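Structure file protein-v3.cif (mmCIF, C-alpha atoms and all ligand atoms) follows.
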data_coords
loop_
_atom_site.label_atom_id
_atom_site.label_comp_id
_atom_site.auth_asym_id
_atom_site.auth_seq_id
_atom_site.Cartn_x
_atom_site.Cartn_y
_atom_site.Cartn_z
CA MET A 7 0.00 0.00 0.00
CA ASN A 8 1.29 3.47 -0.83
CA PHE A 9 1.15 6.40 1.52
CA GLN A 10 1.70 9.86 0.17
CA LYS A 11 3.01 10.91 3.49
CA LYS A 12 4.36 9.00 6.45
CA ILE A 13 1.96 8.18 9.24
CA ASP A 14 1.90 10.79 12.00
CA PHE A 15 1.48 9.76 15.64
CA ILE A 16 -1.14 12.52 15.92
CA ASP A 17 -2.10 14.42 12.78
CA LEU A 18 -3.21 17.96 13.62
CA SER A 19 -3.09 19.24 10.04
CA ARG A 20 -5.84 16.87 8.91
CA GLN A 21 -8.04 18.24 11.65
CA ARG A 22 -7.81 21.72 10.06
CA GLN A 23 -9.15 20.32 6.77
CA THR A 24 -12.30 18.86 8.36
CA ARG A 25 -15.58 20.55 7.50
CA ASN A 26 -18.63 21.18 9.66
CA ALA A 27 -22.22 20.54 8.52
CA LYS A 28 -22.28 23.90 6.72
CA GLY A 29 -19.14 23.02 4.77
CA TYR A 30 -16.75 25.36 6.62
CA LYS A 31 -13.25 24.05 7.28
CA LEU A 32 -12.18 23.99 10.91
CA GLY A 33 -8.89 25.67 9.96
CA ASN A 34 -10.79 28.60 8.44
CA LEU A 35 -13.11 28.88 11.44
CA ILE A 36 -10.05 29.10 13.69
CA ASN A 37 -8.53 31.78 11.46
CA ARG A 38 -11.78 33.72 11.57
CA ASN A 39 -11.95 33.53 15.37
CA LEU A 40 -8.33 34.68 15.67
CA LYS A 41 -8.96 37.60 13.33
CA LYS A 42 -11.74 38.76 15.69
CA VAL A 43 -9.28 38.73 18.58
CA PHE A 44 -6.77 40.80 16.59
CA GLU A 45 -9.55 43.28 15.89
CA HIS A 46 -10.78 43.73 19.47
CA GLY A 47 -7.27 43.40 20.89
CA GLN A 48 -8.26 42.08 24.32
CA TYR A 49 -5.50 39.48 24.47
CA ILE A 50 -5.91 38.89 28.20
CA LEU A 51 -9.36 38.03 29.61
CA GLY A 52 -11.09 38.89 26.35
CA PRO A 53 -14.73 37.96 25.68
CA GLU A 54 -13.72 34.58 24.16
CA ILE A 55 -12.47 33.46 27.59
CA PHE A 56 -15.91 33.80 29.18
CA GLU A 57 -17.72 32.44 26.14
CA LEU A 58 -15.45 29.38 26.23
CA GLU A 59 -15.90 28.84 29.97
CA GLU A 60 -19.66 28.90 29.57
CA LYS A 61 -19.54 26.37 26.73
CA LEU A 62 -17.12 24.10 28.59
CA CYS A 63 -19.44 24.14 31.63
CA LYS A 64 -22.34 23.13 29.44
CA PHE A 65 -20.33 20.38 27.77
CA VAL A 66 -19.16 18.90 31.05
CA GLY A 67 -22.28 19.60 33.12
CA ALA A 68 -20.32 21.32 35.90
CA LYS A 69 -21.41 24.61 37.47
CA HIS A 70 -18.09 26.46 37.23
CA CYS A 71 -15.20 26.50 34.79
CA ILE A 72 -12.02 28.52 35.22
CA SER A 73 -9.84 28.47 32.12
CA VAL A 74 -6.14 28.46 32.98
CA SER A 75 -2.65 28.51 31.52
CA SER A 76 -1.97 24.74 31.39
CA GLY A 77 -3.03 21.38 32.74
CA THR A 78 -0.19 21.53 35.24
CA ASP A 79 -1.36 24.93 36.50
CA ALA A 80 -4.92 23.60 36.69
CA LEU A 81 -3.69 20.87 39.04
CA LEU A 82 -1.60 23.33 41.02
CA LEU A 83 -4.55 25.73 41.38
CA ALA A 84 -6.82 22.89 42.53
CA LEU A 85 -4.35 21.94 45.27
CA MET A 86 -3.77 25.58 46.26
CA ALA A 87 -7.51 26.18 46.50
CA LEU A 88 -7.67 23.26 48.94
CA ASP A 89 -4.82 24.83 50.98
CA ILE A 90 -2.49 21.87 50.44
CA LYS A 91 0.79 22.75 52.11
CA SER A 92 4.02 21.48 53.57
CA GLY A 93 3.56 18.34 55.65
CA ASP A 94 0.32 17.30 53.95
CA GLU A 95 -0.11 14.09 52.01
CA VAL A 96 -1.96 13.60 48.74
CA ILE A 97 -2.82 10.12 47.50
CA THR A 98 -2.24 9.58 43.78
CA THR A 99 -1.20 7.07 41.13
CA PRO A 100 2.40 6.07 40.38
CA PHE A 101 1.54 5.74 36.68
CA SER A 102 1.10 9.19 35.16
CA PHE A 103 2.88 12.15 33.65
CA ILE A 104 5.19 13.95 36.09
CA SER A 105 2.80 16.93 36.55
CA THR A 106 0.47 14.88 38.73
CA ALA A 107 3.08 14.38 41.46
CA GLU A 108 5.13 17.47 40.69
CA VAL A 109 2.44 19.93 41.77
CA ILE A 110 2.01 18.11 45.10
CA SER A 111 5.75 18.34 45.77
CA LEU A 112 5.89 21.93 44.60
CA LEU A 113 3.62 22.88 47.51
CA GLY A 114 5.81 20.98 49.94
CA ALA A 115 3.31 18.16 50.34
CA LYS A 116 4.08 14.51 49.77
CA PRO A 117 2.64 12.29 47.05
CA ILE A 118 1.54 8.93 48.43
CA PHE A 119 1.32 6.42 45.64
CA VAL A 120 -1.24 3.62 45.36
CA ASP A 121 -0.70 0.94 42.69
CA ILE A 122 -2.92 0.74 39.61
CA ASP A 123 -5.51 -1.73 38.42
CA PRO A 124 -3.58 -3.58 35.68
CA LYS A 125 -6.63 -3.73 33.40
CA THR A 126 -7.51 -0.04 33.27
CA TYR A 127 -4.10 1.43 34.26
CA ASN A 128 -5.93 3.72 36.71
CA ILE A 129 -5.43 3.86 40.50
CA ASN A 130 -6.85 0.80 42.29
CA PRO A 131 -9.57 2.24 44.55
CA ASN A 132 -9.24 -0.68 46.96
CA GLY A 133 -5.69 0.37 47.80
CA ILE A 134 -6.59 3.89 48.92
CA GLU A 135 -8.16 3.48 52.36
CA SER A 136 -5.13 1.89 54.02
CA LYS A 137 -3.02 4.92 53.00
CA ILE A 138 -5.33 7.49 54.61
CA ASN A 139 -4.16 9.13 57.83
CA LYS A 140 -4.42 12.51 59.55
CA LYS A 141 -2.02 14.10 57.07
CA THR A 142 -4.06 13.04 54.02
CA LYS A 143 -5.58 16.20 52.53
CA ALA A 144 -6.70 15.08 49.07
CA ILE A 145 -6.97 12.16 46.66
CA LEU A 146 -5.75 12.87 43.13
CA PRO A 147 -6.69 10.08 40.69
CA VAL A 148 -5.74 10.36 37.03
CA SER A 149 -8.13 9.34 34.25
CA LEU A 150 -5.40 7.82 32.13
CA TYR A 151 -5.43 7.30 28.36
CA GLY A 152 -8.91 8.86 28.19
CA GLN A 153 -10.76 6.50 30.54
CA THR A 154 -11.98 7.86 33.88
CA ALA A 155 -10.69 6.32 37.08
CA ASP A 156 -13.17 4.45 39.29
CA PHE A 157 -14.76 7.57 40.77
CA LYS A 158 -17.70 5.74 42.26
CA LYS A 159 -15.48 3.77 44.61
CA ILE A 160 -12.95 6.57 45.08
CA ASN A 161 -15.67 9.05 46.08
CA ASP A 162 -17.14 6.53 48.53
CA VAL A 163 -13.82 6.16 50.35
CA ALA A 164 -13.20 9.92 50.22
CA ARG A 165 -16.64 10.69 51.65
CA ASP A 166 -16.12 8.27 54.54
CA HIS A 167 -12.99 10.19 55.50
CA ASN A 168 -14.15 13.65 54.46
CA ILE A 169 -11.30 14.16 52.00
CA PRO A 170 -11.71 16.08 48.72
CA VAL A 171 -11.03 14.38 45.38
CA ILE A 172 -9.34 16.10 42.44
CA GLU A 173 -9.60 14.48 39.02
CA ASP A 174 -6.53 14.80 36.81
CA ALA A 175 -8.60 14.86 33.64
CA ALA A 176 -5.77 16.04 31.37
CA GLN A 177 -6.36 13.02 29.12
CA SER A 178 -10.08 12.45 29.63
CA PHE A 179 -11.97 15.62 28.71
CA GLY A 180 -15.24 14.40 27.16
CA ALA A 181 -15.08 10.89 28.65
CA ILE A 182 -18.14 9.48 30.42
CA HIS A 183 -18.41 7.58 33.72
CA ASN A 184 -21.83 6.25 34.71
CA GLU A 185 -23.59 8.82 32.51
CA LYS A 186 -21.58 11.75 33.89
CA ARG A 187 -18.77 13.50 32.11
CA SER A 188 -15.18 13.48 33.22
CA CYS A 189 -14.47 16.86 34.93
CA ASN A 190 -17.79 16.58 36.78
CA LEU A 191 -17.01 13.57 38.94
CA SER A 192 -15.31 15.08 41.98
CA GLU A 193 -14.74 18.21 44.10
CA ILE A 194 -12.41 19.75 41.51
CA ALA A 195 -11.22 18.58 38.10
CA ALA A 196 -8.20 19.76 36.15
CA THR A 197 -7.87 19.29 32.41
CA SER A 198 -5.29 20.24 29.78
CA PHE A 199 -5.62 21.69 26.30
CA PHE A 200 -2.03 20.90 25.29
CA PRO A 201 -2.08 20.49 21.49
CA SER A 202 -1.91 16.69 21.52
CA LYS A 203 -4.62 16.16 24.15
CA PRO A 204 -8.05 15.05 22.90
CA LEU A 205 -9.26 18.68 22.92
CA GLY A 206 -6.15 20.74 22.24
CA CYS A 207 -5.36 24.39 21.58
CA TYR A 208 -2.29 25.73 19.74
CA GLY A 209 -0.10 26.23 22.78
CA ASP A 210 -0.51 25.67 26.49
CA GLY A 211 -3.91 25.76 28.11
CA GLY A 212 -6.14 24.05 30.65
CA ALA A 213 -9.18 24.41 32.86
CA CYS A 214 -10.49 23.72 36.35
CA PHE A 215 -14.07 22.63 36.98
CA THR A 216 -16.07 22.52 40.22
CA ASN A 217 -19.63 22.66 41.46
CA ASN A 218 -18.56 24.45 44.64
CA ASP A 219 -19.11 28.24 44.51
CA GLU A 220 -16.45 29.07 47.11
CA LEU A 221 -13.81 26.87 45.49
CA ALA A 222 -14.59 28.36 42.09
CA LYS A 223 -14.05 31.89 43.41
CA LYS A 224 -10.86 30.86 45.13
CA ILE A 225 -9.42 29.12 42.06
CA ARG A 226 -10.20 32.19 39.95
CA ARG A 227 -8.62 34.49 42.51
CA ILE A 228 -5.46 32.41 42.82
CA SER A 229 -5.18 32.22 39.03
CA LEU A 230 -5.13 36.04 39.02
CA HIS A 231 -2.32 36.61 41.55
CA GLY A 232 -4.63 36.21 44.53
CA GLN A 233 -6.34 39.40 43.48
CA GLU A 234 -9.71 40.12 45.04
CA LYS A 235 -10.16 43.40 43.23
CA ARG A 236 -7.78 45.38 41.07
CA TYR A 237 -4.37 45.71 42.75
CA PHE A 238 -5.72 44.32 46.02
CA HIS A 239 -4.22 40.92 46.80
CA THR A 240 -5.60 38.80 49.62
CA GLU A 241 -3.55 35.64 49.08
CA ILE A 242 -0.54 34.31 47.22
CA GLY A 243 -1.47 33.31 43.71
CA ILE A 244 0.06 32.76 40.30
CA ASN A 245 -0.23 34.11 36.77
CA GLY A 246 -2.47 31.26 35.67
CA ARG A 247 -4.77 32.66 33.00
CA LEU A 248 -5.58 31.14 29.62
CA ASP A 249 -4.95 33.71 26.90
CA THR A 250 -7.72 34.93 24.62
CA MET A 251 -6.22 33.54 21.40
CA GLN A 252 -6.16 30.02 22.81
CA ALA A 253 -9.79 30.44 23.89
CA ALA A 254 -10.70 31.57 20.36
CA ILE A 255 -9.05 28.44 18.93
CA LEU A 256 -10.78 26.17 21.45
CA LEU A 257 -14.18 27.73 20.69
CA ALA A 258 -13.85 26.67 17.06
CA LYS A 259 -12.55 23.22 17.96
CA LEU A 260 -15.17 22.51 20.61
CA ASP A 261 -17.93 22.48 17.97
CA PHE A 262 -16.20 19.52 16.30
CA TYR A 263 -15.33 17.68 19.48
CA GLU A 264 -18.40 15.48 19.96
CA SER A 265 -18.03 14.11 16.44
CA GLU A 266 -14.31 13.59 17.04
CA ILE A 267 -15.09 11.52 20.14
CA LYS A 268 -17.27 9.28 17.97
CA LYS A 269 -14.43 8.93 15.44
CA ARG A 270 -12.00 8.11 18.25
CA ASP A 271 -14.35 5.41 19.44
CA PHE A 272 -14.71 4.04 15.93
CA PHE A 273 -10.96 3.79 15.32
CA ALA A 274 -10.26 2.31 18.75
CA ASN A 275 -12.79 -0.44 18.02
CA TYR A 276 -11.37 -0.91 14.54
CA TYR A 277 -7.85 -1.34 15.98
CA ASN A 278 -9.21 -3.71 18.67
CA LYS A 279 -10.84 -5.97 16.13
CA LYS A 280 -7.83 -6.07 13.83
CA LEU A 281 -5.28 -6.57 16.59
CA ASN A 282 -7.31 -9.24 18.37
CA ALA A 283 -7.54 -11.08 15.06
CA ILE A 284 -3.74 -11.35 14.86
CA GLY A 285 -3.46 -12.60 18.45
CA ILE A 286 -2.86 -9.40 20.43
CA LYS A 287 -4.92 -9.61 23.60
CA THR A 288 -3.69 -6.44 25.32
CA THR A 289 -6.00 -4.03 23.50
CA PRO A 290 -7.52 -1.37 25.82
CA TYR A 291 -10.00 -2.61 28.42
CA ILE A 292 -12.81 -0.11 28.96
CA GLU A 293 -15.18 -0.69 31.89
CA PRO A 294 -18.79 -1.20 30.72
CA HIS A 295 -19.92 1.97 32.54
CA ASN A 296 -17.17 4.09 30.94
CA ARG A 297 -16.73 5.74 27.57
CA SER A 298 -13.11 6.53 26.81
CA VAL A 299 -11.90 9.37 24.60
CA TYR A 300 -8.68 7.43 23.89
CA ALA A 301 -6.14 10.16 24.50
CA GLN A 302 -3.80 7.29 23.71
CA TYR A 303 -4.43 3.96 22.05
CA THR A 304 -2.19 1.74 24.15
CA ILE A 305 -1.38 -1.98 24.05
CA GLN A 306 1.38 -4.07 25.67
CA ILE A 307 4.33 -5.76 23.99
CA ASN A 308 7.38 -7.65 25.27
CA ASN A 309 10.81 -6.52 24.10
CA ARG A 310 9.30 -3.12 23.42
CA LYS A 311 12.43 -1.26 22.42
CA ASP A 312 13.14 -3.66 19.59
CA PHE A 313 9.49 -3.68 18.49
CA GLN A 314 9.43 0.13 18.43
CA LYS A 315 12.57 0.29 16.36
CA LYS A 316 11.22 -2.16 13.80
CA LEU A 317 7.99 -0.20 13.48
CA ARG A 318 9.94 3.03 13.19
CA ASP A 319 11.93 1.44 10.35
CA CYS A 320 8.62 0.97 8.48
CA GLY A 321 7.68 4.61 9.08
CA ILE A 322 5.32 3.95 11.98
CA PRO A 323 5.88 6.17 15.02
CA THR A 324 4.98 4.93 18.50
CA ALA A 325 5.27 6.40 22.00
CA VAL A 326 5.53 5.16 25.57
CA HIS A 327 3.25 6.62 28.24
CA TYR A 328 5.16 6.21 30.57
CA PRO A 329 8.50 4.40 30.65
CA THR A 330 9.28 5.20 34.31
CA ILE A 331 6.83 5.08 37.21
CA LEU A 332 6.75 8.27 39.29
CA PRO A 333 8.33 6.82 42.48
CA LEU A 334 11.34 5.74 40.40
CA GLN A 335 11.85 9.12 38.74
CA PRO A 336 15.27 10.48 39.76
CA VAL A 337 13.60 13.46 41.41
CA TYR A 338 11.80 11.12 43.85
CA GLU A 339 14.67 8.73 44.37
CA SER A 340 15.84 10.28 47.59
CA SER A 341 12.37 10.13 49.15
CA ASN A 342 11.31 6.85 50.71
CA ASN A 343 8.75 6.51 47.89
CA SER A 344 11.26 4.64 45.80
CA ASN A 345 12.05 1.95 48.40
CA ASN A 346 10.81 -1.36 47.01
CA ALA A 347 8.91 0.57 44.33
CA GLU A 348 9.09 -2.32 41.89
CA SER A 349 7.15 -4.55 44.27
CA ASN A 350 5.01 -1.90 46.00
CA TYR A 351 3.71 -0.69 42.66
CA LYS A 352 4.13 -3.87 40.72
CA ASN A 353 1.22 -3.39 38.31
CA ALA A 354 2.39 0.10 37.42
CA TYR A 355 5.98 -1.11 37.12
CA GLN A 356 4.94 -3.96 34.84
CA ALA A 357 2.88 -1.59 32.68
CA SER A 358 5.78 0.86 32.42
CA LYS A 359 7.91 -1.90 30.91
CA ASN A 360 5.38 -3.06 28.32
CA VAL A 361 2.96 -0.30 27.27
CA ILE A 362 3.21 1.13 23.80
CA SER A 363 0.90 3.67 22.19
CA LEU A 364 0.13 3.40 18.48
CA PRO A 365 -0.63 6.28 16.09
CA PHE A 366 -4.08 7.53 17.03
CA HIS A 367 -6.30 10.53 16.26
CA PRO A 368 -9.83 11.05 14.93
CA TYR A 369 -8.67 11.60 11.35
CA LEU A 370 -6.97 8.25 10.82
CA LYS A 371 -7.90 6.27 7.74
CA LYS A 372 -8.91 2.63 7.87
CA SER A 373 -6.17 1.96 5.31
CA GLU A 374 -3.61 3.39 7.74
CA VAL A 375 -4.78 1.17 10.59
CA ASP A 376 -4.75 -1.79 8.16
CA HIS A 377 -1.19 -0.89 7.20
CA ILE A 378 -0.04 -0.56 10.83
CA VAL A 379 -1.67 -3.86 11.83
CA ALA A 380 -0.22 -5.64 8.78
CA ARG A 381 3.30 -4.51 9.77
CA ILE A 382 2.68 -5.65 13.38
CA LYS A 383 1.47 -9.00 12.06
CA GLU A 384 4.71 -9.45 10.10
CA LEU A 385 6.76 -8.61 13.18
CA ILE A 386 4.97 -11.04 15.49
CA GLU A 387 5.06 -13.79 12.87
CA LYS A 388 8.84 -13.49 12.88
CA GLU A 389 9.08 -13.20 16.65
CA SER A 390 6.19 -14.52 18.72
CA ASP A 391 7.92 -13.39 21.95
CA TYR A 392 6.49 -9.91 21.47
CA ILE A 393 3.03 -11.14 22.38
CA ILE A 394 1.86 -10.81 25.97
C1 LIG A 401 -0.62 16.38 29.88
C2 LIG A 401 -0.85 15.98 31.27
C3 LIG A 401 -0.73 16.89 32.33
C4 LIG A 401 -0.19 18.28 32.17
O1 LIG A 401 -0.84 19.09 31.25
P1 LIG A 401 -0.06 20.34 30.61
O2 LIG A 401 -1.13 21.10 29.93
O3 LIG A 401 0.97 19.78 29.68
O4 LIG A 401 0.57 21.11 31.72
C5 LIG A 401 -1.07 16.46 33.61
N1 LIG A 401 -1.49 15.21 33.83
C6 LIG A 401 -1.59 14.30 32.85
C7 LIG A 401 -2.09 12.93 33.16
C8 LIG A 401 -1.26 14.65 31.54
O5 LIG A 401 -1.37 13.75 30.55
#
Spell out the structure here as structure tokens.
Amino acid sequence: MNFQKKIDFIDLSRQRQTRNAKGYKLGNLINRNLKKVFEHGQYILGPEIFELEEKLCKFVGAKHCISVSSGTDALLLALMALDIKSGDEVITTPFSFISTAEVISLLGAKPIFVDIDPKTYNINPNGIESKINKKTKAILPVSLYGQTADFKKINDVARDHNIPVIEDAAQSFGAIHNEKRSCNLSEIAATSFFPSKPLGCYGDGGACFTNNDELAKKIRRISLHGQEKRYFHTEIGINGRLDTMQAAILLAKLDFYESEIKKRDFFANYYNKKLNAIGIKTTPYIEPHNRSVYAQYTIQINNRKDFQKKLRDCGIPTAVHYPTILPLQPVYESSNNSNNAESNYKNAYQASKNVISLPFHPYLKKSEVDHIVARIKELIEKESDYII
């Protein structure tokens, strides 16, 4: 099969060529929105910011949305709004991007890791209760690869101990858990609009969501330098705003997002069927009450490095999310988190050795998936050891 162009891991240029029901290209709608910003010139806290926040609230079903400068800042603001400070503990997953633990440490608190469920890759809710003590000030589950963590069980434990839950929804914006959207499943949610996330802008961006009026006000205040009114600062904050141009881009993209989620679902199922047919059993497991947005399409393979290289040689890019569990990151090595990490977090450790994400985005072509699966088939026919 001939490809005019090599396969991209995520293809953002094809997204710009997509048309809405009226025939307008998304790329042109973005250009039009940006032109409006250049004309009104309100680059900070322009009208697009508030229009976007309102639409995001509606999409998610949450009462408040505060758009912010990145997913990392969204997490930081959530923790700051809950007054997390030095000496506190926050329970989280060992299997995530560094941001999740980084923001806890940045405030002087300590991440307490609980191993994952090996099927979903999300924190195992049954491991949380035994880690709760007087220092525990929040639980921070991640909805990894686009599937929400088990918020029903997590919220039950949290409620019993009166501890707030923050969802790291950087990869799961738009996902559904028991008929509710990700970002509306806990006290506060933090999402990211980094370009390669399911809903991405053209730079850094993110948002916090909450149904709590006081927390919403506090997050907003902290995101604006702790400013209560102009030049009157009641607490320590950060410069955490989303800029107007990113909001203008997101407004155009949001209108296409629901149909993109359907396409993501279609291609994940298409991959599943094709990969299962060639003997790969580690296709994503999605709980029956969940709908994933597949931020990543991730399987497991033995001898991953070699497998990746061989795919790369056929022009197929892959990625690993994530090769090192958080407790084994050099930055956490000196803390007692890394003692016996390989056995304490054995499911996460195992996953970190074997997970591999394949090219995935809503504008794939069936022929591309066919091509990728055909190359994988050739590789595993030569070397059956790859199969887990
Ligand atoms: C991307 C990501 C973040 C950070 O988002 P940024 O917008 O890049 O700061 C946090 N947590 C998880 C799980 C992520 O995937």
### Selected residue of minimal separation from Asn130 of chain A among A:Leu332, A:Leu18, A:Ile242, A:Ala354, counting all atoms listed in the file
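Result for the nearest residue to Asn130 of chain A: A:Ala354.
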### Query
Could you name the residues that touch Leu334 of chain A at 8 Å or less, counting all atoms listed in the file, but leaving out those on the same chain fewer than 6 positions away, as JSON, numbers by chain?
{"A": [343, 344, 347]}
Could you build a table of the residues in chain A lying no more than 6 Å from ligand LIG 401 (chain A), giving for each the nearest pair of atoms and their separation in Å rounded to one decimal place, using only C-alpha atoms and all ligand atoms, ordered by chain and ascending residue number, as a tab-separated table?
residue	atom	partner	partner_atom	distance
A:Ser76	CA	A:LIG401	O2	4.0
A:Gly77	CA	A:LIG401	O2	3.4
A:Thr78	CA	A:LIG401	O4	3.6
A:Ser102	CA	A:LIG401	C7	5.3
A:Phe103	CA	A:LIG401	C6	5.0
A:Ser105	CA	A:LIG401	C5	4.9
A:Thr106	CA	A:LIG401	N1	5.3
A:Val148	CA	A:LIG401	C7	5.9
A:Asp174	CA	A:LIG401	N1	5.9
A:Ala176	CA	A:LIG401	C8	4.7
A:Gln177	CA	A:LIG401	O5	5.2
A:Ser198	CA	A:LIG401	O2	4.3
A:Phe199	CA	A:LIG401	O2	5.8
A:Phe200	CA	A:LIG401	O2	4.7
A:Asp210	CA	A:LIG401	O2	5.8
A:Gly211	CA	A:LIG401	O2	5.7
A:Gly212	CA	A:LIG401	O2	5.9
### Task
Go through A:Glu60, A:Tyr263, A:Pro117, A:Leu81 one by one, measure the shortest atom-to-atom distance of each to Glu173 of chain A using all atoms listed in the file, and give the residue with the smallest value.
A:Leu81
### Message
Neighbouring residues of Arg381 of chain A were defined as those with any atom within 9 Å, considering all atoms listed in the file; residues of the same chain fewer than 3 positions away were excluded. Please report them as a ChimeraX atom specification.
### Response
/A:317,320,322,376-378,384-386
### Task
Counting only C-alpha atoms, figure out which residue out of A:Ala222, A:Ile267, A:Ile122, A:Met251 gets nearest to Leu40 of chain A.
A:Met251
I'd like the box whose edges run along x, y and z of the file and which contains every listed atom of segment 348-367 of chain A, padded by 3 Å per side; could you state its centre and edge lengths in Å, one decimal, as AutoDock Vina command-line options?
--center_x 1.4 --center_y 3.0 --center_z 31.0 --size_x 21.4 --size_y 21.1 --size_z 35.9
### Task
Pick out the closest residue to Lys69 of chain A from this set: A:Thr216, A:Ser19, A:Asn345, A:Ser265. Count all atoms listed in the file.
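Distance minimum relative to Lys69 of chain A lands on A:Thr216.
Using only C-alpha atoms, the nearest neighbour of Gly321 of chain A within the list A:Ile169, A:Leu51, A:Ile13, A:Ile129 is A:Ile13.
When all atoms listed in the file are used to compute distances to Gly180 of chain A, the closest of the residues A:Lys28, A:Lys203, A:Lys359, A:Arg165 turns out to be A:Lys203.
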### Message
The residues within 12 Å of (-11.7, 4.0, 15.8), using only C-alpha atoms and the coordinates of the file, should be reported as a VMD selection string; which are they?
### Response
chain A and resid 265 to 280 298 to 300 302 to 303 365 to 372 374 to 376
### Query
When you draw a straight line from atom CA of Arg25 of chain A to atom CA of Leu256 of chain A, how long is it in Å?
15.8 Å
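Across the structure, atom CA of Glu193 of chain A and atom CA of Arg236 of chain A are spaced 28.2 Å apart.
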Please write segment 257-269 of chain A of the preceding block to a file containing N, CA, C and O atoms, as a CSV table (one decimal), in the first residue's frame?
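Output contents, as saved in selection.csv:
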chain,number,residue,atom,x,y,z
A,257,LEU,N,-12.8,27.5,21.0
A,257,LEU,CA,-14.2,27.7,20.7
A,257,LEU,C,-14.5,27.1,19.3
A,257,LEU,O,-15.5,26.4,19.2
A,258,ALA,N,-13.6,27.3,18.4
A,258,ALA,CA,-13.8,26.7,17.1
A,258,ALA,C,-13.8,25.1,17.2
A,258,ALA,O,-14.6,24.4,16.6
A,259,LYS,N,-12.8,24.7,17.9
A,259,LYS,CA,-12.6,23.2,18.0
A,259,LYS,C,-13.6,22.5,18.7
A,259,LYS,O,-14.0,21.3,18.4
A,260,LEU,N,-14.2,23.2,19.8
A,260,LEU,CA,-15.2,22.5,20.6
A,260,LEU,C,-16.4,22.1,19.8
A,260,LEU,O,-17.0,21.0,20.1
A,261,ASP,N,-16.8,22.8,18.8
A,261,ASP,CA,-17.9,22.5,18.0
A,261,ASP,C,-17.7,21.2,17.2
A,261,ASP,O,-18.7,20.6,16.8
A,262,PHE,N,-16.5,20.8,17.0
A,262,PHE,CA,-16.2,19.5,16.3
A,262,PHE,C,-15.9,18.4,17.2
A,262,PHE,O,-15.8,17.2,16.8
A,263,TYR,N,-15.9,18.7,18.6
A,263,TYR,CA,-15.3,17.7,19.5
A,263,TYR,C,-16.2,16.4,19.7
A,263,TYR,O,-15.7,15.3,19.7
A,264,GLU,N,-17.5,16.6,19.8
A,264,GLU,CA,-18.4,15.5,20.0
A,264,GLU,C,-18.3,14.5,18.8
A,264,GLU,O,-18.2,13.3,19.0
A,265,SER,N,-18.2,15.0,17.6
A,265,SER,CA,-18.0,14.1,16.4
A,265,SER,C,-16.6,13.5,16.4
A,265,SER,O,-16.5,12.3,16.0
A,266,GLU,N,-15.7,14.2,16.9
A,266,GLU,CA,-14.3,13.6,17.0
A,266,GLU,C,-14.3,12.4,18.1
A,266,GLU,O,-13.6,11.4,17.9
A,267,ILE,N,-15.0,12.6,19.1
A,267,ILE,CA,-15.1,11.5,20.1
A,267,ILE,C,-15.7,10.3,19.5
A,267,ILE,O,-15.2,9.2,19.7
A,268,LYS,N,-16.7,10.4,18.7
A,268,LYS,CA,-17.3,9.3,18.0
A,268,LYS,C,-16.2,8.6,17.0
A,268,LYS,O,-16.1,7.4,16.9
A,269,LYS,N,-15.5,9.5,16.3
A,269,LYS,CA,-14.4,8.9,15.4
A,269,LYS,C,-13.3,8.2,16.2
A,269,LYS,O,-12.8,7.2,15.8
